[in-house]
>>> print(open('target-v2.txt').read())   # compact mmCIF, C-alpha atoms
# COMPACT_ATOMS: atom_id res chain seq x y z
CA MET A 1 7.08 -21.25 -17.63
CA LYS A 2 4.54 -18.43 -17.22
CA GLN A 3 4.97 -15.97 -14.39
CA ILE A 4 2.15 -15.92 -11.84
CA ILE A 5 0.52 -12.50 -12.06
CA LYS A 6 -0.88 -11.68 -8.64
CA SER A 7 -3.41 -9.17 -10.01
CA ASP A 8 -4.87 -11.82 -12.35
CA THR A 9 -5.22 -14.20 -9.40
CA TYR A 10 -6.94 -11.56 -7.25
CA LEU A 11 -9.22 -10.53 -10.13
CA LYS A 12 -10.40 -14.06 -10.83
CA ASP A 13 -10.72 -15.05 -7.17
CA THR A 14 -12.75 -11.95 -6.30
CA LEU A 15 -15.10 -12.21 -9.28
CA LYS A 16 -15.62 -15.92 -8.60
CA GLU A 17 -16.36 -15.23 -4.93
CA ILE A 18 -18.90 -12.53 -5.87
CA LEU A 19 -20.65 -14.76 -8.42
CA GLU A 20 -20.74 -17.87 -6.24
CA ASN A 21 -21.13 -16.49 -2.72
CA GLY A 22 -22.05 -12.81 -3.07
CA TYR A 23 -25.12 -11.03 -1.72
CA TYR A 24 -27.72 -9.07 -3.68
CA ASP A 25 -28.38 -5.47 -2.70
CA GLU A 26 -31.77 -3.75 -2.41
CA ASN A 27 -32.89 -0.22 -3.29
CA PRO A 28 -29.52 0.81 -4.80
CA ARG A 29 -28.60 4.51 -4.94
CA PRO A 30 -26.71 4.38 -8.29
CA LYS A 31 -28.52 4.36 -11.61
CA PHE A 32 -27.44 3.77 -15.17
CA LYS A 33 -27.77 6.55 -17.74
CA CYS A 34 -31.13 5.16 -18.89
CA GLY A 35 -32.48 5.62 -15.35
CA GLU A 36 -32.52 1.92 -14.48
CA PRO A 37 -31.39 1.13 -10.91
CA ALA A 38 -27.87 -0.36 -10.82
CA TYR A 39 -28.48 -3.59 -8.92
CA SER A 40 -25.36 -5.42 -7.81
CA LYS A 41 -24.01 -8.52 -6.17
CA PHE A 42 -21.29 -7.95 -3.57
CA ILE A 43 -18.92 -9.36 -1.00
CA THR A 44 -17.43 -7.60 2.01
CA HIS A 45 -13.94 -7.09 3.46
CA THR A 46 -11.55 -8.05 0.68
CA ILE A 47 -7.80 -7.60 1.17
CA GLU A 48 -5.10 -7.50 -1.51
CA THR A 49 -1.38 -6.86 -1.05
CA TYR A 50 1.15 -6.10 -3.78
CA ASP A 51 4.89 -5.78 -3.14
CA ILE A 52 5.70 -3.14 -5.74
CA ASN A 53 9.39 -3.24 -4.94
CA ARG A 54 9.41 -6.92 -5.95
CA GLY A 55 7.60 -6.21 -9.20
CA GLU A 56 4.08 -7.15 -8.11
CA TYR A 57 2.26 -4.37 -9.95
CA PRO A 58 -1.57 -4.38 -9.81
CA ILE A 59 -1.86 -4.66 -13.60
CA PRO A 60 -4.00 -7.60 -14.80
CA THR A 61 -3.53 -9.24 -18.19
CA LEU A 62 -7.11 -10.56 -18.34
CA ARG A 63 -8.59 -7.20 -19.38
CA PRO A 64 -7.36 -3.68 -20.24
CA THR A 65 -6.77 -1.12 -17.48
CA ALA A 66 -6.88 2.64 -18.15
CA ILE A 67 -3.60 3.30 -16.35
CA LYS A 68 -2.51 6.55 -18.00
CA SER A 69 -5.93 8.17 -17.63
CA GLY A 70 -6.03 6.98 -14.03
CA ILE A 71 -2.71 8.66 -13.27
CA LYS A 72 -3.99 11.88 -14.83
CA GLU A 73 -6.92 11.70 -12.42
CA ILE A 74 -4.50 11.34 -9.50
CA LEU A 75 -2.69 14.48 -10.70
CA TRP A 76 -6.05 16.29 -10.90
CA ILE A 77 -7.06 15.28 -7.38
CA TYR A 78 -3.85 15.32 -5.34
CA GLN A 79 -1.53 17.64 -7.27
CA GLN A 80 -3.95 20.17 -8.76
CA GLU A 81 -6.28 19.73 -5.76
CA SER A 82 -9.21 20.49 -8.02
CA ASN A 83 -12.91 19.68 -8.34
CA SER A 84 -13.22 21.49 -11.68
CA LEU A 85 -14.65 19.43 -14.53
CA LYS A 86 -13.25 21.95 -17.02
CA LEU A 87 -9.72 21.24 -15.76
CA ALA A 88 -10.41 17.51 -15.67
CA ASN A 89 -11.51 17.59 -19.32
CA GLU A 90 -8.43 19.61 -20.29
CA MET A 91 -6.31 16.88 -18.69
CA GLY A 92 -8.14 14.18 -20.68
CA ILE A 93 -10.42 12.99 -17.86
CA PHE A 94 -14.07 12.69 -18.86
CA TRP A 95 -15.70 9.97 -16.72
CA TRP A 96 -16.45 12.48 -13.94
CA ASP A 97 -18.79 14.50 -16.19
CA GLU A 98 -21.72 12.34 -15.01
CA PHE A 99 -21.08 13.51 -11.43
CA ASN A 100 -21.54 17.25 -12.14
CA VAL A 101 -23.41 18.79 -9.18
CA GLY A 102 -24.61 21.65 -11.41
CA ASP A 103 -21.74 24.14 -11.33
CA ASP A 104 -19.27 22.26 -13.53
CA THR A 105 -17.61 20.73 -10.47
CA ILE A 106 -17.92 17.43 -8.62
CA GLY A 107 -18.76 19.35 -5.45
CA ILE A 108 -16.93 19.26 -2.12
CA ALA A 109 -14.97 16.07 -2.64
CA TYR A 110 -11.62 14.62 -3.59
CA GLY A 111 -9.33 17.47 -4.76
CA GLU A 112 -11.45 20.15 -3.14
CA VAL A 113 -11.13 18.43 0.24
CA CYS A 114 -7.36 18.13 -0.29
CA ARG A 115 -7.21 21.88 -0.92
CA ARG A 116 -9.43 22.91 1.99
CA TYR A 117 -7.49 20.86 4.53
CA ASP A 118 -4.03 21.11 2.92
CA LEU A 119 -3.86 17.33 3.15
CA VAL A 120 -1.04 16.67 0.71
CA ASN A 121 1.35 19.29 2.11
CA LYS A 122 0.76 17.99 5.62
CA LEU A 123 1.43 14.40 4.58
CA LEU A 124 4.65 15.29 2.75
CA GLN A 125 5.94 17.40 5.61
CA ASN A 126 5.15 14.75 8.22
CA LEU A 127 6.83 12.01 6.19
CA GLU A 128 9.91 14.20 5.80
CA GLN A 129 10.14 15.34 9.42
CA ASN A 130 9.02 12.20 11.26
CA PRO A 131 9.24 9.29 8.83
CA PHE A 132 8.77 6.54 11.42
CA GLY A 133 5.69 8.14 12.91
CA ARG A 134 2.47 6.13 12.96
CA ARG A 135 0.04 8.93 12.11
CA HIS A 136 0.69 9.45 8.40
CA ILE A 137 -2.93 9.42 7.25
CA LEU A 138 -4.47 11.22 4.30
CA ASN A 139 -8.26 11.09 4.70
CA LEU A 140 -10.58 12.41 1.99
CA TYR A 141 -13.67 11.55 4.06
CA GLN A 142 -13.94 14.69 6.18
CA GLU A 143 -17.30 14.40 7.94
CA GLU A 144 -18.38 18.05 7.72
CA GLU A 145 -17.66 18.24 3.99
CA SER A 146 -19.20 14.83 3.34
CA VAL A 147 -22.53 15.99 4.82
CA LYS A 148 -22.46 19.04 2.53
CA GLN A 149 -21.57 16.84 -0.44
CA ASP A 150 -24.57 14.59 0.25
CA LYS A 151 -26.84 17.66 0.19
CA LEU A 152 -25.37 18.67 -3.16
CA GLY A 153 -26.14 15.21 -4.51
CA GLY A 154 -22.48 14.58 -5.30
CA LEU A 155 -20.38 11.47 -4.91
CA ASN A 156 -18.40 11.05 -1.72
CA PRO A 157 -14.99 9.34 -2.01
CA CYS A 158 -14.97 5.60 -2.67
CA PHE A 159 -11.24 5.09 -2.13
CA TYR A 160 -11.09 7.54 0.71
CA SER A 161 -7.96 7.15 2.84
CA THR A 162 -4.32 6.16 2.74
CA THR A 163 -2.11 5.29 5.69
CA TRP A 164 1.63 5.58 5.05
CA SER A 165 4.34 3.62 6.84
CA VAL A 166 8.11 3.98 6.40
CA ARG A 167 10.75 1.32 6.97
CA LYS A 168 14.48 1.52 6.37
CA VAL A 169 16.28 -1.28 4.54
CA ASP A 170 20.03 -0.79 4.12
CA ASP A 171 20.43 2.77 2.78
CA ALA A 172 16.91 3.23 1.37
CA MET A 173 13.54 4.14 2.85
CA TYR A 174 10.51 2.14 1.74
CA LEU A 175 6.99 3.55 1.67
CA ASP A 176 4.19 1.07 2.40
CA VAL A 177 0.68 2.30 1.65
CA LEU A 178 -2.57 1.00 3.12
CA LEU A 179 -5.50 2.03 0.89
CA ASN A 180 -9.07 1.93 2.23
CA SER A 181 -12.18 1.76 0.09
CA ARG A 182 -15.77 1.87 1.31
CA SER A 183 -17.05 0.74 -2.10
CA SER A 184 -15.52 -0.57 -5.31
CA ASP A 185 -17.12 -1.22 -8.70
CA TYR A 186 -14.57 -3.99 -8.95
CA ILE A 187 -14.77 -5.02 -12.58
CA VAL A 188 -14.98 -1.46 -13.97
CA ALA A 189 -12.54 0.56 -11.89
CA GLY A 190 -10.96 -1.67 -9.25
CA PHE A 191 -7.57 -1.97 -10.92
CA ILE A 192 -7.57 1.60 -12.16
CA ASN A 193 -7.68 2.60 -8.49
CA ARG A 194 -4.87 0.23 -7.56
CA THR A 195 -2.55 1.51 -10.28
CA GLN A 196 -3.48 5.11 -9.43
CA TYR A 197 -2.35 4.79 -5.84
CA THR A 198 0.82 3.01 -6.92
CA ALA A 199 1.56 6.11 -9.02
CA LEU A 200 0.74 8.41 -6.10
CA ALA A 201 3.19 6.48 -3.91
CA GLN A 202 5.83 6.82 -6.62
CA MET A 203 5.34 10.59 -6.64
CA VAL A 204 5.63 10.81 -2.86
CA ALA A 205 8.75 8.62 -2.88
CA GLY A 206 10.38 10.78 -5.55
CA HIS A 207 9.52 13.97 -3.67
CA LEU A 208 11.01 12.65 -0.42
CA THR A 209 14.15 11.55 -2.24
CA VAL A 210 14.63 15.13 -3.46
CA VAL A 211 13.93 16.93 -0.18
CA THR A 212 15.81 14.53 2.13
CA GLY A 213 18.66 13.36 -0.08
CA ILE A 214 17.84 9.78 0.97
CA VAL A 215 16.56 7.30 -1.62
CA HIS A 216 12.88 6.50 -1.11
CA LYS A 217 11.17 3.60 -2.87
CA VAL A 218 7.65 2.23 -3.01
CA GLY A 219 7.27 -0.95 -0.96
CA LYS A 220 3.88 -2.58 -0.39
CA LEU A 221 0.40 -1.51 -1.48
CA THR A 222 -2.38 -3.13 0.53
CA VAL A 223 -5.99 -2.50 -0.48
CA ILE A 224 -8.90 -3.09 1.90
CA THR A 225 -12.36 -2.92 0.34
CA ALA A 226 -15.49 -2.86 2.51
CA ASN A 227 -17.86 -3.60 -0.39
CA ALA A 228 -16.55 -5.10 -3.64
CA HIS A 229 -19.46 -5.33 -6.04
CA LEU A 230 -20.38 -6.40 -9.53
CA TYR A 231 -23.35 -4.83 -11.26
CA LEU A 232 -25.74 -7.46 -12.57
CA ARG A 233 -25.41 -5.96 -16.05
CA HIS A 234 -21.74 -6.92 -16.01
CA ILE A 235 -22.06 -10.58 -15.08
CA LYS A 236 -21.34 -11.73 -18.67
CA SER A 237 -18.11 -9.72 -18.62
CA ALA A 238 -17.12 -11.32 -15.33
CA GLU A 239 -17.74 -14.75 -16.84
CA GLU A 240 -15.67 -13.76 -19.88
CA ILE A 241 -12.74 -12.77 -17.65
CA LEU A 242 -13.00 -16.03 -15.73
CA SER A 243 -12.79 -17.96 -19.02
CA ARG A 244 -9.49 -16.30 -19.96
CA GLU A 245 -5.96 -17.42 -19.13
CA SER A 246 -3.31 -15.11 -17.76
CA SER A 247 -0.59 -14.23 -20.27
CA GLY A 248 2.02 -14.39 -17.53
CA GLU A 249 3.37 -11.00 -18.63
CA GLN A 250 3.92 -8.68 -15.66
CA GLY A 251 3.30 -5.04 -16.52
CA SER A 252 5.00 -2.14 -14.79
CA PHE A 253 5.38 1.63 -14.82
CA TRP A 254 7.89 3.89 -13.16
CA LEU A 255 8.99 7.48 -12.83
CA THR A 256 11.99 8.42 -14.91
CA CYS A 257 13.17 11.15 -12.54
CA ASP A 258 12.85 12.44 -8.99
CA LYS A 259 11.03 15.77 -8.63
CA LEU A 260 9.09 17.74 -6.08
CA PHE A 261 5.55 16.38 -5.84
CA TRP A 262 4.03 19.44 -7.50
CA GLU A 263 6.30 19.25 -10.56
CA TYR A 264 5.43 15.82 -11.96
CA THR A 265 3.56 15.46 -15.28
CA ILE A 266 2.22 12.37 -17.03
CA ASP A 267 5.28 12.52 -19.31
CA ASP A 268 7.53 11.62 -16.37
CA TRP A 269 6.30 8.00 -16.38
CA GLN A 270 7.44 5.14 -18.55
CA PHE A 271 5.19 2.15 -19.13
CA ASN A 272 5.77 -1.50 -19.89
CA LEU A 273 2.23 -2.80 -20.21
CA PRO A 274 1.04 -6.30 -21.12
CA LYS A 275 -0.99 -6.97 -24.23
CA THR A 276 -4.62 -7.34 -23.21
CA GLU A 277 -7.80 -8.25 -25.04
CA LYS A 278 -10.82 -5.96 -24.76
CA LEU A 279 -14.03 -7.26 -23.24
CA SER A 280 -16.94 -7.97 -25.56
CA GLN A 281 -19.28 -5.78 -23.48
CA VAL A 282 -18.84 -2.05 -22.92
CA LEU A 283 -18.94 -1.60 -19.14
CA GLU A 284 -21.35 1.22 -18.39
CA ILE A 285 -20.66 3.36 -15.31
CA ALA A 286 -23.47 3.71 -12.78
CA VAL A 287 -23.98 7.17 -11.26
>>> encode(input="target-v2.txt", output="structure tokens")
Amino acid sequence: MKQIIKSDTYLKDTLKEILENGYYDENPRPKFKCGEPAYSKFITHTIETYDINRGEYPIPTLRPTAIKSGIKEILWIYQQESNSLKLANEMGIFWWDEFNVGDDTIGIAYGEVCRRYDLVNKLLQNLEQNPFGRRHILNLYQEEESVKQDKLGGLNPCFYSTTWSVRKVDDAMYLDVLLNSRSSDYIVAGFINRTQYTALAQMVAGHLTVVTGIVHKVGKLTVITANAHLYLRHIKSAEEILSRESSGEQGSFWLTCDKLFWEYTIDDWQFNLPKTEKLSQVLEIAV
């Protein structure tokens, strides 16, 4: 009997809802490389929850997901706290090149905001010192910087905030993460983002295990998306995904050791990923 893969269910249900009941946008900001406006169909207020501790990883089998590259991006943003495209390229991250604001950076966003406001250090310290507090929020959408970023013509964060909750079960502490997104190009990057923030939670859990001496594990990941959209160019790919059957093979990835947050590298993860078939269409990113 095949295992029910929650990510496959969410993927199909969301794409079906967009195609059957979604709304068309007007005057879209993004454009494709050719200059054509990136028109989309969208739905609002989607919610997905994965219990990572119970093996519910957000890894679909209906299409490939760039998990390793996504984790490298998380290291670039939250560990290196960088906006440098040169560093991103050195780490094997190239999809941000289209968002160059003219100085070989992505502007005042993501890692640069982390650095300016010391967001990661503050989060780690607060989780260590007051784990059951209800103010563990890491917010990339700092209003003053976002206004400046708009003037630069850069991209403001899509997945912009995480809220962290801690609960104790027996002798272990579990980290539950609430991830907020204002906008998600669901078919292209939606599950990259979900696996990325699973990896970030794993890093934070490992760090807290080291500094407190108490085992920390990743619990739930809940993702709230204000606008989940599908570009009209990608409708055939959505229909292709909907025609596929889940393999029933649950993928996973985990850290092989506990380290301080700043010490992790991509080599510290092990992966057990399902076999997936590529889509017929190359999914072009809109900028």
>>> residues_around(input="target-v2.txt", residues="region 278-282 of chain A", least_positions_apart="5", cutoff="12 Å", atoms="all atoms listed in the file", output="ChimeraX atom specification")
/A:61-66,187-188,233-244
>>> closest_residue(input="target-v2.txt", among="A:Thr162, A:Asn227, A:Thr105, A:Ser7", to="Ser183 (chain A)", atoms="all atoms listed in the file")
A:Asn227
>>> residues_around(input="target-v2.txt", residues="Phe271 (chain A)", least_positions_apart="4", cutoff="7 Å", atoms="only C-alpha atoms", output="number ranges by chain")
A: 252-254
>>> atom_distance(input="target-v2.txt", atom1="CA of Gln202 (chain A)", atom2="CA of Gly92 (chain A)")
21.1 Å
>>> residues_around(input="target-v2.txt", residues="Asp103 (chain A)", least_positions_apart="2", cutoff="12 Å", atoms="all atoms listed in the file", output="JSON, numbers by chain")
{"A": [83, 84, 85, 86, 97, 99, 100, 101, 105, 106, 107, 108, 152, 154]}
>>> closest_residue(input="target-v2.txt", among="A:Thr14, A:Asn272, A:Ser165, A:Ser247", to="Lys217 (chain A)", atoms="only C-alpha atoms")
A:Ser165
>>> residues_around(input="target-v2.txt", residues="His45 (chain A)", least_positions_apart="3", cutoff="12 Å", atoms="all atoms listed in the file", output="number ranges by chain")
A: 14, 17-18, 22, 42, 48, 180-184, 223-229
>>> atom_distance(input="target-v2.txt", atom1="CA of Gly219 (chain A)", atom2="CA of Ala189 (chain A)")
22.7 Å
>>> decode(input="target-v2.txt", residues="region 125-138 of chain A", atoms="N, CA and C atoms", output="CSV table (one decimal), in the first residue's frame")
chain,number,residue,atom,x,y,z
A,125,GLN,N,19.5,33.8,20.5
A,125,GLN,CA,19.6,34.2,21.9
A,125,GLN,C,18.3,34.1,22.7
A,126,ASN,N,17.2,34.6,22.1
A,126,ASN,CA,15.9,34.6,22.7
A,126,ASN,C,15.4,33.2,22.9
A,127,LEU,N,15.6,32.4,21.9
A,127,LEU,CA,15.2,31.0,22.0
A,127,LEU,C,16.0,30.2,23.1
A,128,GLU,N,17.2,30.6,23.3
A,128,GLU,CA,18.0,30.0,24.3
A,128,GLU,C,17.6,30.5,25.7
A,129,GLN,N,17.4,31.8,25.8
A,129,GLN,CA,17.2,32.4,27.2
A,129,GLN,C,15.8,32.3,27.6
A,130,ASN,N,14.8,32.3,26.7
A,130,ASN,CA,13.4,32.3,27.1
A,130,ASN,C,12.6,31.5,26.1
A,131,PRO,N,12.9,30.2,26.1
A,131,PRO,CA,12.3,29.3,25.0
A,131,PRO,C,10.8,29.3,24.9
A,132,PHE,N,10.1,29.5,26.0
A,132,PHE,CA,8.6,29.5,26.0
A,132,PHE,C,8.0,30.9,25.8
A,133,GLY,N,8.8,31.8,25.4
A,133,GLY,CA,8.3,33.2,25.1
A,133,GLY,C,7.5,33.1,23.8
A,134,ARG,N,6.7,34.1,23.7
A,134,ARG,CA,5.8,34.2,22.5
A,134,ARG,C,6.1,35.3,21.6
A,135,ARG,N,7.4,35.7,21.6
A,135,ARG,CA,7.8,36.8,20.7
A,135,ARG,C,9.0,36.4,19.8
A,136,HIS,N,9.1,35.2,19.5
A,136,HIS,CA,10.3,34.7,18.7
A,136,HIS,C,9.9,34.9,17.2
A,137,ILE,N,10.1,36.1,16.7
A,137,ILE,CA,9.8,36.4,15.4
A,137,ILE,C,11.0,36.9,14.6
A,138,LEU,N,11.3,36.4,13.5
A,138,LEU,CA,12.3,36.9,12.6
A,138,LEU,C,11.6,37.4,11.3
